[in-house]
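J.: Handing over upload-v5.cif, mmCIF, C-alpha atoms.
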data_target
loop_
_atom_site.group_PDB
_atom_site.id
_atom_site.type_symbol
_atom_site.label_atom_id
_atom_site.label_comp_id
_atom_site.auth_asym_id
_atom_site.auth_seq_id
_atom_site.Cartn_x
_atom_site.Cartn_y
_atom_site.Cartn_z
ATOM 1 C CA MET G 246 108.368 128.649 -12.746
ATOM 2 C CA SER G 247 109.919 131.720 -11.202
ATOM 3 C CA PRO G 248 113.388 131.569 -9.646
ATOM 4 C CA TYR G 249 111.833 132.440 -6.270
ATOM 5 C CA THR G 250 109.517 129.423 -6.436
ATOM 6 C CA VAL G 251 112.460 127.126 -7.193
ATOM 7 C CA LEU G 252 114.504 128.671 -4.390
ATOM 8 C CA PHE G 253 111.590 128.300 -1.961
ATOM 9 C CA PHE G 254 111.128 124.658 -2.999
ATOM 10 C CA LEU G 255 114.841 123.867 -2.484
ATOM 11 C CA PHE G 256 114.813 125.578 0.909
ATOM 12 C CA ALA G 257 111.734 123.587 1.992
ATOM 13 C CA LEU G 258 113.300 120.343 0.768
ATOM 14 C CA ALA G 259 116.541 120.992 2.674
ATOM 15 C CA PHE G 260 114.659 121.973 5.836
ATOM 16 C CA THR G 261 112.614 118.757 5.689
ATOM 17 C CA ALA G 262 115.751 116.640 5.320
ATOM 18 C CA PHE G 263 117.417 118.245 8.356
ATOM 19 C CA ALA G 264 114.254 117.972 10.463
ATOM 20 C CA SER G 265 113.828 114.241 9.813
ATOM 21 C CA PRO G 266 114.234 111.960 12.849
ATOM 22 C CA VAL G 267 117.444 109.996 13.098
ATOM 23 C CA GLY G 268 117.224 106.246 13.661
ATOM 24 C CA THR G 269 118.416 104.843 16.988
ATOM 25 C CA GLU G 270 118.852 101.261 15.882
ATOM 26 C CA GLY G 271 121.625 99.617 17.838
ATOM 27 C CA ALA G 272 121.756 102.392 20.406
ATOM 28 C CA ALA G 273 121.293 101.266 23.988
ATOM 29 C CA LEU G 274 118.579 103.140 25.831
ATOM 30 C CA VAL G 275 119.358 103.454 29.517
ATOM 31 C CA GLU G 276 116.658 104.531 31.898
ATOM 32 C CA LYS G 277 117.986 106.710 34.677
ATOM 33 C CA ARG G 278 115.360 106.919 37.326
ATOM 34 C CA SER G 279 115.559 108.304 40.823
ATOM 35 C CA ARG G 280 113.839 106.262 43.510
ATOM 36 C CA THR G 281 112.682 107.462 46.922
ATOM 37 C CA GLY G 282 112.226 105.173 49.891
ATOM 38 C CA ARG G 283 113.304 104.257 53.395
ATOM 39 C CA GLY G 284 116.980 103.940 54.217
ATOM 40 C CA THR G 285 117.922 101.695 57.135
ATOM 41 C CA TRP G 286 121.204 100.145 58.308
ATOM 42 C CA PHE G 287 122.363 96.624 59.080
ATOM 43 C CA ASN G 288 125.499 94.824 60.258
ATOM 44 C CA VAL G 289 127.012 93.403 57.089
ATOM 45 C CA GLY G 290 128.752 90.105 56.390
ATOM 46 C CA LEU G 291 128.392 87.649 53.522
ATOM 47 C CA GLY G 292 125.975 89.261 51.079
ATOM 48 C CA ALA G 293 123.709 87.781 48.420
ATOM 49 C CA CYS G 294 126.224 88.908 45.774
ATOM 50 C CA GLY G 295 128.654 86.344 47.208
ATOM 51 C CA LYS G 296 131.134 88.762 48.775
ATOM 52 C CA THR G 297 131.986 89.268 52.434
ATOM 53 C CA ASN G 298 131.962 92.893 53.563
ATOM 54 C CA LYS G 299 132.772 94.834 56.722
ATOM 55 C CA ASP G 300 130.652 97.450 58.480
ATOM 56 C CA SER G 301 133.182 100.053 57.281
ATOM 57 C CA ASP G 302 132.501 99.220 53.593
ATOM 58 C CA LYS G 303 130.123 101.559 51.748
ATOM 59 C CA ILE G 304 127.568 98.993 50.581
ATOM 60 C CA ILE G 305 123.820 98.604 50.254
ATOM 61 C CA ALA G 306 121.231 95.883 49.989
ATOM 62 C CA ILE G 307 118.373 96.548 47.555
ATOM 63 C CA SER G 308 114.843 95.153 47.449
ATOM 64 C CA SER G 309 114.324 91.702 45.949
ATOM 65 C CA ASN G 310 112.363 92.946 42.931
ATOM 66 C CA ILE G 311 115.155 95.370 41.949
ATOM 67 C CA TYR G 312 117.935 92.932 42.951
ATOM 68 C CA ALA G 313 116.685 90.588 40.202
ATOM 69 C CA ASN G 314 118.846 87.572 41.053
ATOM 70 C CA GLY G 315 121.992 89.680 41.296
ATOM 71 C CA ALA G 316 121.594 91.701 38.108
ATOM 72 C CA HIS G 317 122.857 94.831 39.927
ATOM 73 C CA CYS G 318 125.674 93.335 42.011
ATOM 74 C CA ASP G 319 128.705 95.650 42.194
ATOM 75 C CA GLU G 320 126.842 98.542 40.544
ATOM 76 C CA LYS G 321 127.378 101.991 42.041
ATOM 77 C CA VAL G 322 124.507 103.931 43.561
ATOM 78 C CA LYS G 323 124.282 107.602 44.562
ATOM 79 C CA ILE G 324 122.172 108.184 47.669
ATOM 80 C CA LYS G 325 120.771 111.423 49.097
ATOM 81 C CA ASN G 326 119.221 112.015 52.506
ATOM 82 C CA THR G 327 116.170 114.067 51.532
ATOM 83 C CA ALA G 328 116.006 115.735 54.964
ATOM 84 C CA ASN G 329 119.520 117.204 55.148
ATOM 85 C CA GLY G 330 120.781 116.981 51.552
ATOM 86 C CA LYS G 331 123.847 114.874 52.407
ATOM 87 C CA THR G 332 124.950 112.475 49.653
ATOM 88 C CA ALA G 333 127.079 109.355 49.454
ATOM 89 C CA THR G 334 128.032 106.696 46.932
ATOM 90 C CA ALA G 335 127.748 102.965 47.597
ATOM 91 C CA THR G 336 128.067 99.586 45.907
ATOM 92 C CA VAL G 337 125.242 97.034 45.659
ATOM 93 C CA ARG G 338 126.387 93.899 47.508
ATOM 94 C CA ASP G 339 123.254 92.375 49.017
ATOM 95 C CA GLU G 340 119.541 91.721 48.692
ATOM 96 C CA CYS G 341 116.989 93.011 51.193
ATOM 97 C CA PRO G 342 113.939 90.716 51.150
ATOM 98 C CA SER G 343 112.150 92.799 53.818
ATOM 99 C CA CYS G 344 112.647 96.108 51.984
ATOM 100 C CA GLY G 345 109.886 97.824 50.060
ATOM 101 C CA SER G 346 110.466 98.348 46.341
ATOM 102 C CA ASN G 347 112.523 101.552 46.657
ATOM 103 C CA ASP G 348 113.963 100.984 50.135
ATOM 104 C CA ILE G 349 117.643 100.308 50.776
ATOM 105 C CA ASP G 350 119.549 98.810 53.682
ATOM 106 C CA MET G 351 122.969 100.411 54.255
ATOM 107 C CA SER G 352 126.187 99.488 56.001
ATOM 108 C CA PRO G 353 126.666 101.417 59.272
ATOM 109 C CA SER G 354 129.517 103.548 57.877
ATOM 110 C CA LEU G 355 127.455 104.526 54.854
ATOM 111 C CA PHE G 356 124.403 105.346 56.983
ATOM 112 C CA GLU G 357 126.605 107.592 59.172
ATOM 113 C CA GLU G 358 127.611 109.634 56.106
ATOM 114 C CA LEU G 359 123.936 110.512 55.655
ATOM 115 C CA GLY G 360 122.616 110.656 59.224
ATOM 116 C CA ASP G 361 122.924 109.387 62.793
ATOM 117 C CA LEU G 362 122.699 105.638 63.474
ATOM 118 C CA ASP G 363 120.363 106.374 66.406
ATOM 119 C CA THR G 364 117.834 107.756 63.903
ATOM 120 C CA GLY G 365 117.520 104.254 62.468
ATOM 121 C CA VAL G 366 115.467 105.231 59.406
ATOM 122 C CA LEU G 367 116.013 107.982 56.834
ATOM 123 C CA THR G 368 114.051 109.020 53.782
ATOM 124 C CA VAL G 369 116.463 108.707 50.886
ATOM 125 C CA SER G 370 116.445 109.161 47.134
ATOM 126 C CA TRP G 371 118.834 107.058 45.103
ATOM 127 C CA ASP G 372 119.719 105.940 41.615
ATOM 128 C CA PHE G 373 122.276 103.869 39.778
ATOM 129 C CA THR G 374 125.227 105.876 38.506
ATOM 130 C CA ASP G 375 126.747 105.556 35.035
#
The structure in this file should be written as structure tokens.
T.:
Amino acid sequence: MSPYTVLFFLFALAFTAFASPVGTEGAALVEKRSRTGRGTWFNVGLGACGKTNKDSDKIIAISSNIYANGAHCDEKVKIKNTANGKTATATVRDECPSCGSNDIDMSPSLFEELGDLDTGVLTVSWDFTD
């Protein structure tokens, strides 16, 4: 065998080793997914998460299927008004049984960071933050 053949073989072997996939066993896979839906506002009080809030608190209620018996209580959410680009951050504190899957209901002070209360309904995109 020529020295070039051996060198080529060693190079190919090393390249294959570095190109091999690395196992992800034990690594948590987190899906970060933006949702788009209707954003409305409500007068807050005792929420489904068991905490009493004020209208000045930056909180949201999420749809029942995402709420999942409180699995997301106290998680932070970033919200964007798709019409004007304004953004805000809120905390999940309630469930919204009348909301569609990706809709959220916001405290008045949070809604005002994104739009005018008189508008009543905004199109928003949102996702859970890290």
J.: Given all atoms listed in the file as the basis, pick out the residue of G:Asp363, G:Asp350, G:Asp375, G:Glu358 nearest to Ser301 in chain G.
T.: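 Of all the options, G:Glu358 lies closest to Ser301 in chain G.
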J.: Starting from the shown file, work through the PyMOL selection byres ((chain G and resi 346) around 10) and note down what comes out as a PDB file with C-alpha atoms, keeping the file's coordinate frame.
T.:
ATOM      1  CA  ARG G 280     113.839 106.262  43.510  1.00  0.00           C
ATOM      2  CA  THR G 281     112.682 107.462  46.922  1.00  0.00           C
ATOM      3  CA  GLY G 282     112.226 105.173  49.891  1.00  0.00           C
ATOM      4  CA  ARG G 283     113.304 104.257  53.395  1.00  0.00           C
ATOM      5  CA  ILE G 307     118.373  96.548  47.555  1.00  0.00           C
ATOM      6  CA  SER G 308     114.843  95.153  47.449  1.00  0.00           C
ATOM      7  CA  SER G 309     114.324  91.702  45.949  1.00  0.00           C
ATOM      8  CA  ASN G 310     112.363  92.946  42.931  1.00  0.00           C
ATOM      9  CA  ILE G 311     115.155  95.370  41.949  1.00  0.00           C
ATOM     10  CA  TYR G 312     117.935  92.932  42.951  1.00  0.00           C
ATOM     11  CA  CYS G 341     116.989  93.011  51.193  1.00  0.00           C
ATOM     12  CA  PRO G 342     113.939  90.716  51.150  1.00  0.00           C
ATOM     13  CA  SER G 343     112.150  92.799  53.818  1.00  0.00           C
ATOM     14  CA  CYS G 344     112.647  96.108  51.984  1.00  0.00           C
ATOM     15  CA  GLY G 345     109.886  97.824  50.060  1.00  0.00           C
ATOM     16  CA  ASN G 347     112.523 101.552  46.657  1.00  0.00           C
ATOM     17  CA  ASP G 348     113.963 100.984  50.135  1.00  0.00           C
ATOM     18  CA  ILE G 349     117.643 100.308  50.776  1.00  0.00           C
TER      19      ILE G 349
END
J.: So what does the PyMOL selection byres ((chain G and resi 338) around 12) actually pick up in this one, as JSON, numbers by chain?
T.: {"G": [289, 290, 291, 292, 293, 294, 295, 296, 297, 298, 299, 302, 303, 304, 305, 306, 307, 308, 312, 314, 315, 316, 317, 318, 319, 320, 321, 322, 335, 336, 337, 339, 340, 341, 349, 350, 351, 352]}
J.: Those residues you just picked out, can you put them in a file as a short mmCIF file (atom, residue, chain, number, x, y, z; two decimals), in the frame of the given file with C-alpha atoms?
T.:
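File produced: result-v4.cif:
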data_model
loop_
_atom_site.label_atom_id
_atom_site.label_comp_id
_atom_site.auth_asym_id
_atom_site.auth_seq_id
_atom_site.Cartn_x
_atom_site.Cartn_y
_atom_site.Cartn_z
CA VAL G 289 127.01 93.40 57.09
CA GLY G 290 128.75 90.10 56.39
CA LEU G 291 128.39 87.65 53.52
CA GLY G 292 125.98 89.26 51.08
CA ALA G 293 123.71 87.78 48.42
CA CYS G 294 126.22 88.91 45.77
CA GLY G 295 128.65 86.34 47.21
CA LYS G 296 131.13 88.76 48.78
CA THR G 297 131.99 89.27 52.43
CA ASN G 298 131.96 92.89 53.56
CA LYS G 299 132.77 94.83 56.72
CA ASP G 302 132.50 99.22 53.59
CA LYS G 303 130.12 101.56 51.75
CA ILE G 304 127.57 98.99 50.58
CA ILE G 305 123.82 98.60 50.25
CA ALA G 306 121.23 95.88 49.99
CA ILE G 307 118.37 96.55 47.56
CA SER G 308 114.84 95.15 47.45
CA TYR G 312 117.94 92.93 42.95
CA ASN G 314 118.85 87.57 41.05
CA GLY G 315 121.99 89.68 41.30
CA ALA G 316 121.59 91.70 38.11
CA HIS G 317 122.86 94.83 39.93
CA CYS G 318 125.67 93.34 42.01
CA ASP G 319 128.71 95.65 42.19
CA GLU G 320 126.84 98.54 40.54
CA LYS G 321 127.38 101.99 42.04
CA VAL G 322 124.51 103.93 43.56
CA ALA G 335 127.75 102.96 47.60
CA THR G 336 128.07 99.59 45.91
CA VAL G 337 125.24 97.03 45.66
CA ASP G 339 123.25 92.38 49.02
CA GLU G 340 119.54 91.72 48.69
CA CYS G 341 116.99 93.01 51.19
CA ILE G 349 117.64 100.31 50.78
CA ASP G 350 119.55 98.81 53.68
CA MET G 351 122.97 100.41 54.26
CA SER G 352 126.19 99.49 56.00
#
J.: Please write out, as AutoDock Vina command-line options, where the centre of an axis-aligned box around all listed atoms of range 340-353 of chain G lies and how long its edges are, in Å to one decimal, after adding 5 Å on each side.
T.:
--center_x 118.3 --center_y 96.1 --center_z 52.8 --size_x 26.8 --size_y 20.8 --size_z 22.9
J.: Expressed in Å to a single decimal, how great is the separation between CA of Phe287 in chain G and CA of Phe356 in chain G?
T.: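 Between CA of Phe287 in chain G and CA of Phe356 in chain G the gap is 9.2 Å.
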J.: I'd like the residues picked by the PyMOL selection byres ((chain G and resi 324) around 8) written out as a PyMOL selection string, using the chain letters and numbers from the file.
T.: chain G and resi 322-323+325-326+332-335+369-372
J.: Work out how far apart CA of Ser279 in chain G and CA of Thr374 in chain G are and give it in Å to one decimal.
T.: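 Calculated distance between CA of Ser279 in chain G and CA of Thr374 in chain G is 10.2 Å.
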